[in-house]
file protein.txt (compact mmCIF, C-alpha atoms)
# COMPACT_ATOMS: atom_id res chain seq x y z
CA MET X 29 -0.96 -11.36 89.42
CA PRO X 30 -3.34 -10.93 86.46
CA GLY X 31 -1.99 -7.48 85.54
CA VAL X 32 -3.44 -4.20 84.30
CA VAL X 33 -6.35 -3.15 82.09
CA PHE X 34 -5.70 0.36 80.73
CA VAL X 35 -8.89 1.98 79.42
CA LEU X 36 -8.42 5.06 77.24
CA LEU X 37 -11.71 6.87 76.55
CA ASP X 38 -10.64 9.17 73.75
CA GLY X 39 -11.87 12.76 73.88
CA LEU X 40 -13.59 12.62 77.29
CA ALA X 41 -13.62 15.94 79.11
CA ALA X 42 -13.51 15.86 82.90
CA ALA X 43 -16.60 18.06 83.26
CA THR X 44 -18.64 15.67 81.11
CA ALA X 45 -17.34 12.67 83.04
CA ARG X 46 -18.45 14.25 86.32
CA ARG X 47 -21.89 15.02 84.93
CA CYS X 48 -22.63 11.83 83.01
CA MET X 49 -20.64 8.85 84.29
CA SER X 50 -22.74 7.80 87.25
CA TYR X 51 -21.52 4.19 87.40
CA LEU X 52 -17.90 5.22 87.84
CA GLN X 53 -18.96 7.76 90.46
CA SER X 54 -20.79 4.98 92.30
CA GLN X 55 -17.49 3.11 92.41
CA GLU X 56 -15.82 6.14 93.94
CA ALA X 57 -18.57 6.47 96.54
CA SER X 58 -18.20 2.82 97.54
CA GLY X 59 -14.42 3.06 97.81
CA ALA X 60 -13.88 0.69 94.87
CA ALA X 61 -12.25 3.43 92.75
CA ARG X 62 -10.27 6.61 93.25
CA TYR X 63 -10.55 9.72 91.08
CA ALA X 64 -8.25 12.50 89.92
CA GLU X 65 -8.19 15.13 87.21
CA LEU X 66 -5.17 15.84 85.03
CA GLN X 67 -4.18 18.51 82.53
CA SER X 68 -3.53 17.06 79.09
CA GLU X 69 -0.17 17.88 77.56
CA LEU X 70 0.29 20.46 74.81
CA PRO X 71 -0.64 20.34 72.06
CA PRO X 72 -3.78 18.50 73.22
CA LEU X 73 -3.94 16.26 70.16
CA SER X 74 -4.46 12.52 70.14
CA ARG X 75 -1.30 11.03 68.66
CA PRO X 76 1.12 13.25 70.63
CA ILE X 77 -0.66 12.42 73.88
CA TYR X 78 -0.89 8.71 73.04
CA ALA X 79 2.89 8.81 72.88
CA THR X 80 3.01 10.53 76.28
CA LEU X 81 0.71 7.94 77.84
CA LEU X 82 2.74 5.11 76.33
CA CYS X 83 6.31 6.23 76.98
CA GLY X 84 6.15 9.18 79.40
CA LEU X 85 7.64 11.85 77.14
CA ARG X 86 5.81 15.13 76.68
CA PRO X 87 5.14 15.99 73.00
CA ALA X 88 7.90 18.59 73.01
CA GLU X 89 10.28 15.86 74.23
CA SER X 90 9.11 13.06 71.92
CA GLY X 91 8.94 15.30 68.87
CA ILE X 92 5.51 13.86 68.03
CA VAL X 93 3.46 17.03 67.93
CA ARG X 94 1.09 16.33 65.01
CA ASN X 95 -1.61 13.77 64.38
CA ASP X 96 -0.19 12.97 60.93
CA ASP X 97 3.27 12.01 62.21
CA ALA X 98 3.08 8.23 61.73
CA ARG X 99 6.14 6.73 63.40
CA LEU X 100 7.20 4.65 66.35
CA CYS X 101 7.59 6.21 69.79
CA PRO X 102 11.17 7.43 70.18
CA ALA X 103 11.43 5.87 73.67
CA PRO X 104 10.44 2.43 74.97
CA THR X 105 6.69 2.20 75.48
CA ILE X 106 5.04 0.45 78.40
CA PHE X 107 4.26 -2.36 75.95
CA ALA X 108 7.91 -2.68 74.95
CA ARG X 109 8.94 -2.79 78.60
CA ALA X 110 6.33 -5.42 79.44
CA HIS X 111 7.31 -7.47 76.38
CA ALA X 112 10.98 -7.33 77.34
CA ALA X 113 10.04 -8.68 80.78
CA GLY X 114 8.30 -11.65 79.19
CA LEU X 115 4.76 -10.45 79.89
CA THR X 116 1.85 -11.02 77.54
CA THR X 117 0.49 -7.84 75.98
CA ALA X 118 -2.68 -7.04 74.04
CA ALA X 119 -4.64 -4.06 72.74
CA ALA X 120 -8.03 -3.35 71.23
CA ALA X 121 -7.26 0.12 69.95
CA TYR X 122 -7.19 2.72 67.21
CA HIS X 123 -4.53 2.01 64.60
CA TRP X 124 -2.29 4.89 65.70
CA ILE X 125 -1.46 2.80 68.78
CA SER X 126 -0.10 0.09 66.48
CA GLU X 127 1.98 2.69 64.67
CA LEU X 128 3.43 4.04 67.91
CA CYS X 129 4.23 0.62 69.39
CA ASN X 130 4.58 -2.02 66.67
CA ALA X 131 5.11 -0.80 63.09
CA ALA X 132 4.55 2.34 61.04
CA PRO X 133 2.82 3.06 58.77
CA PHE X 134 -0.21 0.92 59.58
CA ALA X 135 -1.03 -1.69 56.93
CA PRO X 136 -4.53 -3.04 57.66
CA GLU X 137 -4.01 -6.28 55.77
CA ARG X 138 -0.99 -6.98 57.98
CA ASP X 139 -1.75 -5.19 61.22
CA ARG X 140 -5.50 -5.13 61.83
CA LEU X 141 -5.37 -8.53 63.54
CA THR X 142 -2.01 -8.96 65.23
CA ASP X 143 -0.66 -12.17 66.75
CA ASP X 144 3.12 -11.95 66.81
CA ASP X 145 5.23 -12.81 69.85
CA ALA X 146 8.07 -10.66 68.50
CA LEU X 147 6.07 -7.41 68.71
CA PRO X 148 5.63 -5.19 71.79
CA ILE X 149 1.85 -5.54 71.44
CA ARG X 150 1.71 -9.27 70.82
CA HIS X 151 -2.03 -9.57 70.31
CA GLY X 152 -4.11 -6.79 68.83
CA VAL X 153 -7.34 -5.81 67.17
CA PHE X 154 -6.71 -2.42 65.58
CA TYR X 155 -9.45 -0.40 63.88
CA SER X 156 -9.03 2.56 61.54
CA THR X 157 -12.45 4.21 61.38
CA ASP X 158 -13.28 6.85 63.99
CA ALA X 159 -16.91 5.69 64.04
CA TYR X 160 -16.02 2.15 65.17
CA PRO X 161 -18.69 1.33 67.77
CA ASP X 162 -17.58 1.31 71.38
CA GLU X 163 -19.67 -1.80 71.98
CA GLU X 164 -17.63 -3.73 69.40
CA LEU X 165 -14.38 -2.33 70.76
CA PHE X 166 -15.15 -3.59 74.27
CA ASN X 167 -16.14 -6.96 72.76
CA ASP X 168 -12.78 -7.05 70.97
CA ALA X 169 -11.05 -6.45 74.30
CA ALA X 170 -13.09 -9.18 75.96
CA CYS X 171 -12.04 -11.63 73.24
CA LEU X 172 -8.37 -10.74 73.71
CA LEU X 173 -8.69 -11.20 77.45
CA LEU X 174 -10.38 -14.58 77.09
CA ARG X 175 -7.98 -15.93 74.47
CA HIS X 176 -4.65 -14.62 75.72
CA ASN X 177 -5.00 -13.73 79.42
CA PRO X 178 -2.67 -10.73 78.96
CA HIS X 179 -0.77 -9.07 81.76
CA LEU X 180 -1.31 -5.69 80.04
CA LEU X 181 -4.44 -4.94 78.01
CA LEU X 182 -5.25 -1.59 76.41
CA VAL X 183 -8.93 -0.85 75.70
CA HIS X 184 -9.06 2.29 73.53
CA SER X 185 -12.44 3.61 72.35
CA MET X 186 -13.11 6.49 69.95
CA GLY X 187 -16.88 6.88 70.36
CA ILE X 188 -16.78 9.93 72.64
CA ASP X 189 -14.13 11.71 70.57
CA ASN X 190 -15.88 11.04 67.27
CA THR X 191 -19.21 12.28 68.62
CA GLY X 192 -17.54 15.37 70.04
CA HIS X 193 -16.04 16.26 66.67
CA LEU X 194 -19.43 15.84 65.01
CA HIS X 195 -21.60 17.64 67.55
CA GLY X 196 -19.41 19.53 70.05
CA ALA X 197 -18.91 19.08 73.77
CA GLU X 198 -22.10 20.90 74.75
CA SER X 199 -24.34 18.55 72.75
CA ALA X 200 -26.67 15.87 74.06
CA ALA X 201 -24.99 13.43 71.65
CA TYR X 202 -21.58 13.97 73.28
CA ARG X 203 -23.01 13.48 76.75
CA ASP X 204 -24.81 10.34 75.60
CA ALA X 205 -21.54 8.94 74.21
CA ALA X 206 -20.01 9.39 77.67
CA ARG X 207 -23.03 7.70 79.27
CA ASN X 208 -22.69 4.82 76.81
CA ALA X 209 -19.03 4.30 77.77
CA ASP X 210 -20.02 4.42 81.44
CA GLY X 211 -22.59 1.69 80.80
CA LEU X 212 -20.02 -0.46 79.02
CA LEU X 213 -17.70 -0.10 81.99
CA ALA X 214 -20.57 -1.13 84.27
CA ARG X 215 -20.69 -4.33 82.19
CA TRP X 216 -16.97 -5.12 82.10
CA LEU X 217 -15.22 -3.43 85.03
CA PRO X 218 -16.65 -5.80 87.68
CA GLU X 219 -15.31 -8.79 85.72
CA TRP X 220 -11.85 -7.28 85.39
CA THR X 221 -11.53 -6.34 89.04
CA ALA X 222 -13.01 -9.66 90.21
CA ALA X 223 -10.28 -11.40 88.19
CA GLY X 224 -7.68 -9.36 90.08
CA TYR X 225 -6.82 -6.77 87.44
CA ALA X 226 -5.77 -3.26 88.34
CA VAL X 227 -7.79 -0.96 86.08
CA LEU X 228 -6.77 2.55 85.02
CA ILE X 229 -9.34 4.63 83.14
CA THR X 230 -8.49 8.01 81.64
CA SER X 231 -8.63 10.19 78.53
CA ASP X 232 -6.09 11.83 76.26
CA HIS X 233 -7.82 15.23 75.96
CA GLY X 234 -11.20 16.85 76.33
CA MET X 235 -13.35 18.66 73.77
CA ASP X 236 -14.72 22.16 73.19
CA ALA X 237 -18.12 23.38 72.07
CA GLU X 238 -16.86 23.73 68.50
CA GLY X 239 -15.92 20.05 68.30
CA ARG X 240 -12.18 20.65 68.53
CA HIS X 241 -9.37 20.00 71.00
CA TYR X 242 -6.44 22.23 70.25
CA ASP X 243 -6.82 25.28 72.49
CA THR X 244 -5.62 25.63 76.07
CA THR X 245 -9.04 25.86 77.74
CA ASP X 246 -10.07 23.64 80.65
CA GLY X 247 -12.70 21.96 78.49
CA THR X 248 -10.02 20.89 76.06
CA ARG X 249 -7.29 20.03 78.56
CA ARG X 250 -8.97 18.81 81.76
CA VAL X 251 -9.34 15.02 81.73
CA PRO X 252 -10.55 12.43 84.27
CA LEU X 253 -8.65 9.49 85.70
CA TRP X 254 -9.84 6.57 87.83
CA LEU X 255 -7.92 3.76 89.51
CA ALA X 256 -10.19 0.80 90.19
CA GLY X 257 -9.58 -2.53 91.86
CA ASP X 258 -7.75 -3.71 94.96
CA ALA X 259 -4.60 -4.49 93.00
CA TRP X 260 -3.46 -0.84 93.09
CA GLY X 261 -2.98 -1.03 96.84
CA ASP X 262 -1.89 2.33 98.20
CA MET X 263 -0.14 3.54 95.03
CA PRO X 264 -0.66 7.31 94.77
CA LEU X 265 -2.77 8.85 92.04
CA PRO X 266 -0.71 10.39 89.24
CA GLN X 267 -0.46 14.15 89.01
CA SER X 268 0.33 14.40 85.29
CA GLN X 269 -0.01 12.36 82.10
CA PRO X 270 3.76 11.64 81.81
CA GLU X 271 3.54 9.77 85.14
CA ILE X 272 1.07 7.21 83.82
CA PRO X 273 3.55 4.80 82.13
CA GLU X 274 5.57 4.54 85.34
CA LEU X 275 2.40 3.92 87.34
CA LEU X 276 1.51 1.09 84.94
CA ALA X 277 5.06 -0.24 85.15
CA HIS X 278 4.91 -0.26 88.94
CA ALA X 279 1.61 -2.16 88.87
CA LEU X 280 3.20 -4.68 86.51
CA HIS X 281 6.27 -4.98 88.80
CA LEU X 282 8.52 -3.59 86.08
CA ALA X 283 9.76 -0.62 88.13
call {"tool": "encode", "arguments": {"input": "protein.txt", "output": "structure tokens"}}
result
Amino acid sequence: MPGVVFVLLDGLAAATARRCMSYLQSQEASGAARYAELQSELPPLSRPIYATLLCGLRPAESGIVRNDDARLCPAPTIFARAHAAGLTTAAAAYHWISELCNAAPFAPERDRLTDDDALPIRHGVFYSTDAYPDEELFNDAACLLLRHNPHLLLVHSMGIDNTGHLHGAESAAYRDAARNADGLLARWLPEWTAAGYAVLITSDHGMDAEGRHYDTTDGTRRVPLWLAGDAWGDMPLPQSQPEIPELLAHALHLA
């Protein structure tokens, strides 16, 4: 079994996904993908929810409730579990993922390019600028896939989130960032699923018109989720973000 590609489109609100991501909706219509919407955990901030998506603990349970809390997840992450089972892991992701899974604080000279069989994320390309282009991020992921054939690959883009902070969720720029991500998935998703990967695509939180994501509104909290590829079989769609690590573990035959 090739494994799982986990795509995290940072800052993508469900309403924008439904309006702008026509390729993914074409996959739903053809039966090649299934769709659900989830409520992001509170507070709806990136690092706390990354921890939830990685280890299954809500922010109140993990204690990671701020974006400036640079430390390892307090519970085993899906990468740690896959590593312990002897699986190959990789990530093209924002540097907070490295801090949650591998080592904190992030040292770019040490951690930006990671190739270390002793770490939960064995192979990584970690960026630290929010404006890192999504096109380059997906290319980084493609390189990791080609070189290492990982069982678990995280593809984590910041383009939508960064644009939302700059222009707000009601802007044309934010919608275009979502369309751009949809186009990149139209390029890469068919290759992943043809290779036998199970692909999970979701977001950590949404965005509001003011360019923030802290309040409890639907725009801030409602996020999309797709399961694509035959490898999922009849596994049910998750109903909450804390369920996602166990879903990934089941797909990787860890649970």
call {"tool": "closest_atom_pairs", "arguments": {"input": "protein.txt", "of": "segment 55-115 of chain X", "to": "segment 126-138 of chain X", "cutoff": "6 Å", "atoms": "only C-alpha atoms", "output": "JSON lines"}}
result
{"residue": "X:Ala98", "atom": "CA", "partner": "X:Pro133", "partner_atom": "CA", "distance": 6.0}
{"residue": "X:Arg99", "atom": "CA", "partner": "X:Ala132", "partner_atom": "CA", "distance": 5.2}
{"residue": "X:Leu100", "atom": "CA", "partner": "X:Leu128", "partner_atom": "CA", "distance": 4.1}
{"residue": "X:Cys101", "atom": "CA", "partner": "X:Leu128", "partner_atom": "CA", "distance": 5.1}
call {"tool": "atom_distance", "arguments": {"input": "protein.txt", "atom1": "atom CA of Ala108 of chain X", "atom2": "atom CA of Ala120 of chain X"}}
result
16.4 Å
call {"tool": "atom_distance", "arguments": {"input": "protein.txt", "atom1": "atom CA of Pro76 of chain X", "atom2": "atom CA of Pro270 of chain X"}}
result
11.6 Å
call {"tool": "closest_atom_pairs", "arguments": {"input": "protein.txt", "of": "segment 182-222 of chain X", "to": "segment 249-268 of chain X", "cutoff": "9 Å", "atoms": "all atoms listed in the file", "output": "CSV"}}
result
residue,atom,partner,partner_atom,distance
X:Leu217,CA,X:Ala256,CA,8.4
X:Pro218,CA,X:Gly257,CA,8.8
X:Trp220,CA,X:Gly257,CA,8.3
X:Thr221,CA,X:Gly257,CA,5.1
X:Ala222,CA,X:Gly257,CA,8.1
call {"tool": "atom_distance", "arguments": {"input": "protein.txt", "atom1": "atom CA of Gly152 of chain X", "atom2": "atom CA of Ala118 of chain X"}}
result
5.4 Å
call {"tool": "closest_residue", "arguments": {"input": "protein.txt", "among": "X:Phe166, X:Val32, X:Pro273, X:Phe154", "to": "Ala214 of chain X", "atoms": "all atoms listed in the file"}}
result
X:Phe166
call {"tool": "residues_around", "arguments": {"input": "protein.txt", "residues": "Asp168 of chain X", "least_positions_apart": "6", "cutoff": "12 Å", "atoms": "only C-alpha atoms", "output": "ChimeraX atom specification"}}
result
/X:118-122,140-141,151-155,160-162,174-175,181-185
call {"tool": "residues_around", "arguments": {"input": "protein.txt", "residues": "Ala197 of chain X", "least_positions_apart": "5", "cutoff": "8 Å", "atoms": "only C-alpha atoms", "output": "PDB file with C-alpha atoms, in the coordinates of the input"}}
result
ATOM      1  CA  GLY X 192     -17.540  15.370  70.040  1.00  0.00           C
ATOM      2  CA  TYR X 202     -21.580  13.970  73.280  1.00  0.00           C
ATOM      3  CA  ARG X 203     -23.010  13.480  76.750  1.00  0.00           C
ATOM      4  CA  MET X 235     -13.350  18.660  73.770  1.00  0.00           C
ATOM      5  CA  ASP X 236     -14.720  22.160  73.190  1.00  0.00           C
ATOM      6  CA  ALA X 237     -18.120  23.380  72.070  1.00  0.00           C
ATOM      7  CA  GLU X 238     -16.860  23.730  68.500  1.00  0.00           C
ATOM      8  CA  GLY X 239     -15.920  20.050  68.300  1.00  0.00           C
TER       9      GLY X 239
END
call {"tool": "residues_near_point", "arguments": {"input": "protein.txt", "point": "(8.4, -11.2, 83.0)", "cutoff": "12 Å", "atoms": "only C-alpha atoms", "output": "ChimeraX atom specification"}}
result
/X:29,31,108-117,178-180,277,280-283
call {"tool": "closest_residue", "arguments": {"input": "protein.txt", "among": "X:Pro72, X:Gly234, X:Gly224, X:Pro30", "to": "Val93 of chain X", "atoms": "only C-alpha atoms"}}
result
X:Pro72
call {"tool": "closest_residue", "arguments": {"input": "protein.txt", "among": "X:Arg75, X:Ala43, X:Leu172, X:Ala226", "to": "Ala60 of chain X", "atoms": "all atoms listed in the file"}}
result
X:Ala226
call {"tool": "closest_residue", "arguments": {"input": "protein.txt", "among": "X:Leu81, X:Thr142, X:Val33, X:Asp96", "to": "Ala169 of chain X", "atoms": "all atoms listed in the file"}}
result
X:Val33
call {"tool": "closest_residue", "arguments": {"input": "protein.txt", "among": "X:Leu194, X:Leu70, X:Ile229, X:Ile106", "to": "Ala209 of chain X", "atoms": "all atoms listed in the file"}}
result
X:Ile229
call {"tool": "residues_near_point", "arguments": {"input": "protein.txt", "point": "(12.5, 6.6, 77.0)", "cutoff": "8 Å", "atoms": "only C-alpha atoms", "output": "PyMOL selection string"}}
result
chain X and resi 83-85+102-105
call {"tool": "write_last_selection", "arguments": {"input": "protein.txt", "atoms": "C-alpha atoms", "output": "PDB file, in the frame of the given file"}}
result
ATOM      1  CA  CYS X  83       6.310   6.230  76.980  1.00  0.00           C
ATOM      2  CA  GLY X  84       6.150   9.180  79.400  1.00  0.00           C
ATOM      3  CA  LEU X  85       7.640  11.850  77.140  1.00  0.00           C
ATOM      4  CA  PRO X 102      11.170   7.430  70.180  1.00  0.00           C
ATOM      5  CA  ALA X 103      11.430   5.870  73.670  1.00  0.00           C
ATOM      6  CA  PRO X 104      10.440   2.430  74.970  1.00  0.00           C
ATOM      7  CA  THR X 105       6.690   2.200  75.480  1.00  0.00           C
TER       8      THR X 105
END
call {"tool": "build_atoms", "arguments": {"input": "protein.txt", "residues": "segment 43-54 of chain X", "atoms": "all heavy atoms", "output": "CSV table (one decimal), in the frame of the given file"}}
result
chain,number,residue,atom,x,y,z
X,43,ALA,N,-15.3,17.5,82.9
X,43,ALA,CA,-16.6,18.1,83.3
X,43,ALA,C,-17.7,17.2,82.8
X,43,ALA,O,-18.7,16.9,83.5
X,43,ALA,CB,-16.8,19.5,82.7
X,44,THR,N,-17.6,16.6,81.6
X,44,THR,CA,-18.6,15.7,81.1
X,44,THR,C,-18.6,14.4,81.9
X,44,THR,O,-19.7,13.8,82.2
X,44,THR,CB,-18.4,15.4,79.6
X,44,THR,OG1,-18.5,16.7,78.9
X,44,THR,CG2,-19.5,14.5,79.0
X,45,ALA,N,-17.4,13.9,82.2
X,45,ALA,CA,-17.3,12.7,83.0
X,45,ALA,C,-18.0,12.9,84.4
X,45,ALA,O,-18.8,12.0,84.9
X,45,ALA,CB,-15.9,12.3,83.3
X,46,ARG,N,-17.8,14.0,85.0
X,46,ARG,CA,-18.4,14.2,86.3
X,46,ARG,C,-20.0,14.4,86.2
X,46,ARG,O,-20.7,14.0,87.1
X,46,ARG,CB,-17.9,15.5,87.0
X,46,ARG,CG,-16.4,15.5,87.2
X,46,ARG,CD,-15.9,14.2,87.9
X,46,ARG,NE,-16.4,14.1,89.3
X,46,ARG,CZ,-16.3,13.0,90.0
X,46,ARG,NH1,-15.9,11.9,89.4
X,46,ARG,NH2,-16.7,12.9,91.2
X,47,ARG,N,-20.4,14.9,85.1
X,47,ARG,CA,-21.9,15.0,84.9
X,47,ARG,C,-22.6,13.7,84.6
X,47,ARG,O,-23.7,13.4,85.0
X,47,ARG,CB,-22.2,16.1,83.9
X,47,ARG,CG,-23.6,16.2,83.5
X,47,ARG,CD,-23.9,17.3,82.5
X,47,ARG,NE,-25.3,17.3,82.1
X,47,ARG,CZ,-25.9,18.3,81.4
X,47,ARG,NH1,-25.1,19.3,81.0
X,47,ARG,NH2,-27.1,18.2,81.0
X,48,CYS,N,-21.9,12.9,83.7
X,48,CYS,CA,-22.6,11.8,83.0
X,48,CYS,C,-22.2,10.4,83.4
X,48,CYS,O,-23.0,9.5,83.2
X,48,CYS,CB,-22.4,12.0,81.5
X,48,CYS,SG,-23.0,13.5,80.8
X,49,MET,N,-21.1,10.2,84.1
X,49,MET,CA,-20.6,8.8,84.3
X,49,MET,C,-21.0,8.4,85.7
X,49,MET,O,-20.1,8.3,86.6
X,49,MET,CB,-19.2,8.8,84.0
X,49,MET,CG,-18.9,9.2,82.5
X,49,MET,SD,-17.3,8.9,81.9
X,49,MET,CE,-17.4,7.3,81.3
X,50,SER,N,-22.2,8.1,85.9
X,50,SER,CA,-22.7,7.8,87.2
X,50,SER,C,-22.2,6.5,87.8
X,50,SER,O,-22.1,6.3,89.0
X,50,SER,CB,-24.3,7.9,87.3
X,50,SER,OG,-24.8,6.9,86.4
X,51,TYR,N,-22.0,5.5,86.9
X,51,TYR,CA,-21.5,4.2,87.4
X,51,TYR,C,-20.1,4.4,88.0
X,51,TYR,O,-19.9,3.9,89.1
X,51,TYR,CB,-21.5,3.1,86.3
X,51,TYR,CG,-20.7,1.9,86.7
X,51,TYR,CD1,-21.2,1.0,87.7
X,51,TYR,CD2,-19.4,1.7,86.2
X,51,TYR,CE1,-20.5,0.0,88.1
X,51,TYR,CE2,-18.7,0.6,86.7
X,51,TYR,CZ,-19.2,-0.3,87.6
X,51,TYR,OH,-18.5,-1.3,88.1
X,52,LEU,N,-19.2,5.0,87.3
X,52,LEU,CA,-17.9,5.2,87.8
X,52,LEU,C,-17.9,6.0,89.1
X,52,LEU,O,-17.2,5.8,90.1
X,52,LEU,CB,-17.0,5.9,86.8
X,52,LEU,CG,-16.6,5.0,85.6
X,52,LEU,CD1,-15.7,5.8,84.7
X,52,LEU,CD2,-15.8,3.7,86.1
X,53,GLN,N,-18.8,7.0,89.2
X,53,GLN,CA,-19.0,7.8,90.5
X,53,GLN,C,-19.5,6.9,91.6
X,53,GLN,O,-19.1,7.1,92.8
X,53,GLN,CB,-19.8,9.0,90.2
X,53,GLN,CG,-19.1,10.0,89.4
X,53,GLN,CD,-19.9,11.3,89.2
X,53,GLN,OE1,-20.2,11.9,90.3
X,53,GLN,NE2,-20.1,11.7,88.0
X,54,SER,N,-20.3,5.9,91.3
X,54,SER,CA,-20.8,5.0,92.3
X,54,SER,C,-19.6,4.2,92.8
X,54,SER,O,-19.6,3.8,94.0
X,54,SER,CB,-21.9,4.1,91.8
X,54,SER,OG,-21.4,3.0,90.9
